[in-house]
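Written below as structure tokens is the structure these notes are about.
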Amino acid sequence: MKAKLPTLCPSCEELLSVSQLSCEHCQTIVQGTYPLPVFLELSPKEQEFILRFFLASGSLKEMASQLGVSYPTVRNQLDDMIQHIKDLDI
Amino acid sequence: MKKLLNPIEFFGEKKLLTINLIVFIAGTTLAVFMKATFGSPIDLHFASEISVLNTLLSNISAILMMTAILFISGKIINLKTRFIDCLNLSLYLRIPYYFLTFWNITGTFSDMTSKLLNQNSITELLPSSTIDMIVITSFSILSLIALALKALIVYFSFKTISNAKKIADYLILVGVFLTILILSLFLF
């Protein structure tokens, strides 16, 4: 089973940050405090939406037909995500 | 049920427009046979004599008025609002009224309109038989249900059309609706 990268704290549900990175080849360990990439700060549903959008060559109409919903529904999801990313203040 | 209350969310605009236009033709034909005519997006009344052209034009005008209301308020809330979605919703909103025209199958409402035009006394308008009474009472109840249903459809579908979320968005819709309705009284 492929382990899933946790992005939220299991205790307080706040966003986690990266504090340690390691090289599997030479065992070098880098320590520090790094924020998670924007993509990982999004919910799994939003991440899946971005992947689908990318795979559909950025066509909302194509996505809508794949998901079995209408164009305005997909467009609204995209607008909500754009607003969410703007609110993350990156 | 969700698909019935918000068809805009699930069906493509071309498919929906084709179905809506077929329903529009069938509904207008039914309205002509039932001697029904439409004054505004929320009006349905019966006459003793009607012309095909009058019913057709009144239906088209009610649809265009509702389309304008949805499109203007949608554009105020979200510039990405599309005309085709507003037109589709307006056409779809007519369906409950097409069903209501069946209540004039016995000619009860046409007779009452005729009496109203020819008599001065209100007592002459009172339903003369039990069947008339049942028809009028059931029509009143169903009209209210149709209005509530239309309000629900507008609430859910307008959310999809314009991405409306806040109460203020719906207040804009109500404001534009009342403005256009009042303006239409002066224009027509």
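Residue names in the structure tokens use chain letters A, B, ... in the order shown, residue numbers from 1 in each chain, and ligand numbers from 1 in the order shown.
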Per residue of chain B within 12 Å of chain A, which atom pair is closest and at what distance in Å (one decimal), using only C-alpha atoms, listed by chain and increasing number, as CSV?
residue,atom,partner,partner_atom,distance
B:Lys3,CA,A:Val69,CA,10.4
B:Asn6,CA,A:Ser70,CA,10.7
B:Pro7,CA,A:Ser70,CA,8.9
B:Ile8,CA,A:Ser70,CA,6.6
B:Glu9,CA,A:Ser70,CA,5.3
B:Phe10,CA,A:Val69,CA,4.3
B:Phe11,CA,A:Ser70,CA,5.3
B:Gly12,CA,A:Ser70,CA,5.1
B:Glu13,CA,A:Ser70,CA,7.5
B:Lys14,CA,A:Ser70,CA,10.4
B:Lys15,CA,A:Ser70,CA,10.5
B:Leu16,CA,A:Ser70,CA,10.2
B:Asn78,CA,A:Asn76,CA,10.2
B:Leu79,CA,A:Asp79,CA,11.8
B:Lys80,CA,A:Arg75,CA,9.0
B:Thr81,CA,A:Pro72,CA,8.3
B:Arg82,CA,A:Pro72,CA,8.5
B:Phe83,CA,A:Pro72,CA,11.6
B:Ile84,CA,A:Pro72,CA,10.7
B:Asp85,CA,A:Pro72,CA,8.4
B:Cys86,CA,A:Pro72,CA,11.3
B:Phe156,CA,A:Thr73,CA,11.7
B:Ser157,CA,A:Thr73,CA,10.2
B:Phe158,CA,A:Pro72,CA,10.6
B:Lys159,CA,A:Asn76,CA,9.3
B:Thr160,CA,A:Thr73,CA,5.9
B:Ile161,CA,A:Pro72,CA,6.2
B:Ser162,CA,A:Asn76,CA,8.2
B:Asn163,CA,A:Asn76,CA,5.9
B:Ala164,CA,A:Asn76,CA,9.5
B:Lys165,CA,A:Asp80,CA,10.8
Excluding range 27-40 of chain A and any residue of its chain fewer than 4 positions from it, enumerate the residues within 12 Å of it, using only C-alpha atoms, and give them as a PyMOL selection string.
-> chain A and resi 4-8+15-23+44-51+81-82+84-90
Just write the chosen residues, C-alpha atoms, as an mmCIF file, in the first residue's frame.
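Heads up, here's the output in result01.cif:
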data_model
loop_
_atom_site.group_PDB
_atom_site.id
_atom_site.type_symbol
_atom_site.label_atom_id
_atom_site.label_comp_id
_atom_site.auth_asym_id
_atom_site.auth_seq_id
_atom_site.Cartn_x
_atom_site.Cartn_y
_atom_site.Cartn_z
ATOM 1 C CA LYS A 4 -0.600 8.879 1.828
ATOM 2 C CA LEU A 5 1.152 12.111 2.733
ATOM 3 C CA PRO A 6 -0.707 13.719 5.633
ATOM 4 C CA THR A 7 -1.257 17.464 5.199
ATOM 5 C CA LEU A 8 -3.430 18.171 8.254
ATOM 6 C CA LEU A 15 -2.052 22.550 8.123
ATOM 7 C CA LEU A 16 1.241 20.706 8.667
ATOM 8 C CA SER A 17 4.616 22.020 7.497
ATOM 9 C CA VAL A 18 7.691 20.085 6.329
ATOM 10 C CA SER A 19 10.364 19.841 9.046
ATOM 11 C CA GLN A 20 12.600 17.053 7.752
ATOM 12 C CA LEU A 21 13.709 15.777 4.329
ATOM 13 C CA SER A 22 16.025 12.852 3.789
ATOM 14 C CA CYS A 23 18.038 11.385 0.905
ATOM 15 C CA PRO A 44 -8.106 15.843 -2.061
ATOM 16 C CA LYS A 45 -11.244 16.725 -4.043
ATOM 17 C CA GLU A 46 -9.643 19.934 -5.316
ATOM 18 C CA GLN A 47 -6.406 18.109 -6.162
ATOM 19 C CA GLU A 48 -8.387 15.576 -8.165
ATOM 20 C CA PHE A 49 -10.207 18.402 -9.958
ATOM 21 C CA ILE A 50 -6.886 19.992 -10.996
ATOM 22 C CA LEU A 51 -5.581 16.659 -12.292
ATOM 23 C CA MET A 81 -11.066 26.829 -6.296
ATOM 24 C CA ILE A 82 -9.490 29.970 -7.755
ATOM 25 C CA HIS A 84 -9.753 29.356 -2.373
ATOM 26 C CA ILE A 85 -6.196 29.568 -3.754
ATOM 27 C CA LYS A 86 -6.350 33.384 -3.664
ATOM 28 C CA ASP A 87 -7.500 33.174 -0.033
ATOM 29 C CA LEU A 88 -4.472 31.003 0.837
ATOM 30 C CA ASP A 89 -2.451 34.176 0.315
ATOM 31 C CA ILE A 90 0.558 32.574 -1.372
#
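In this model, the gap between CA of Leu30 in chain B and CA of Tyr92 in chain B comes to 15.7 Å.
Across the model, the gap from CA of Lys150 in chain B to CA of Leu93 in chain B is 6.2 Å.
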Any chance you could list, as an NGL selection string, the residues in chain A that come up helix (DSSP H, G or I) when DSSP is run on the backbone?
-> :A and (38-41 or 44-55 or 60-67 or 71-87)
Using only C-alpha atoms, which residues sit within 10 Å of Ile95 in chain B once same-chain residues fewer than 5 positions away are excluded, as a VMD selection string?
-> chain B and resid 20 23 to 24 27 90 100 146 150
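For the residues B:Val52, B:Leu91, B:Val174, B:Val154, ranking by smallest atom-to-atom distance to Thr67 in chain B using only C-alpha atoms places B:Leu91 first.
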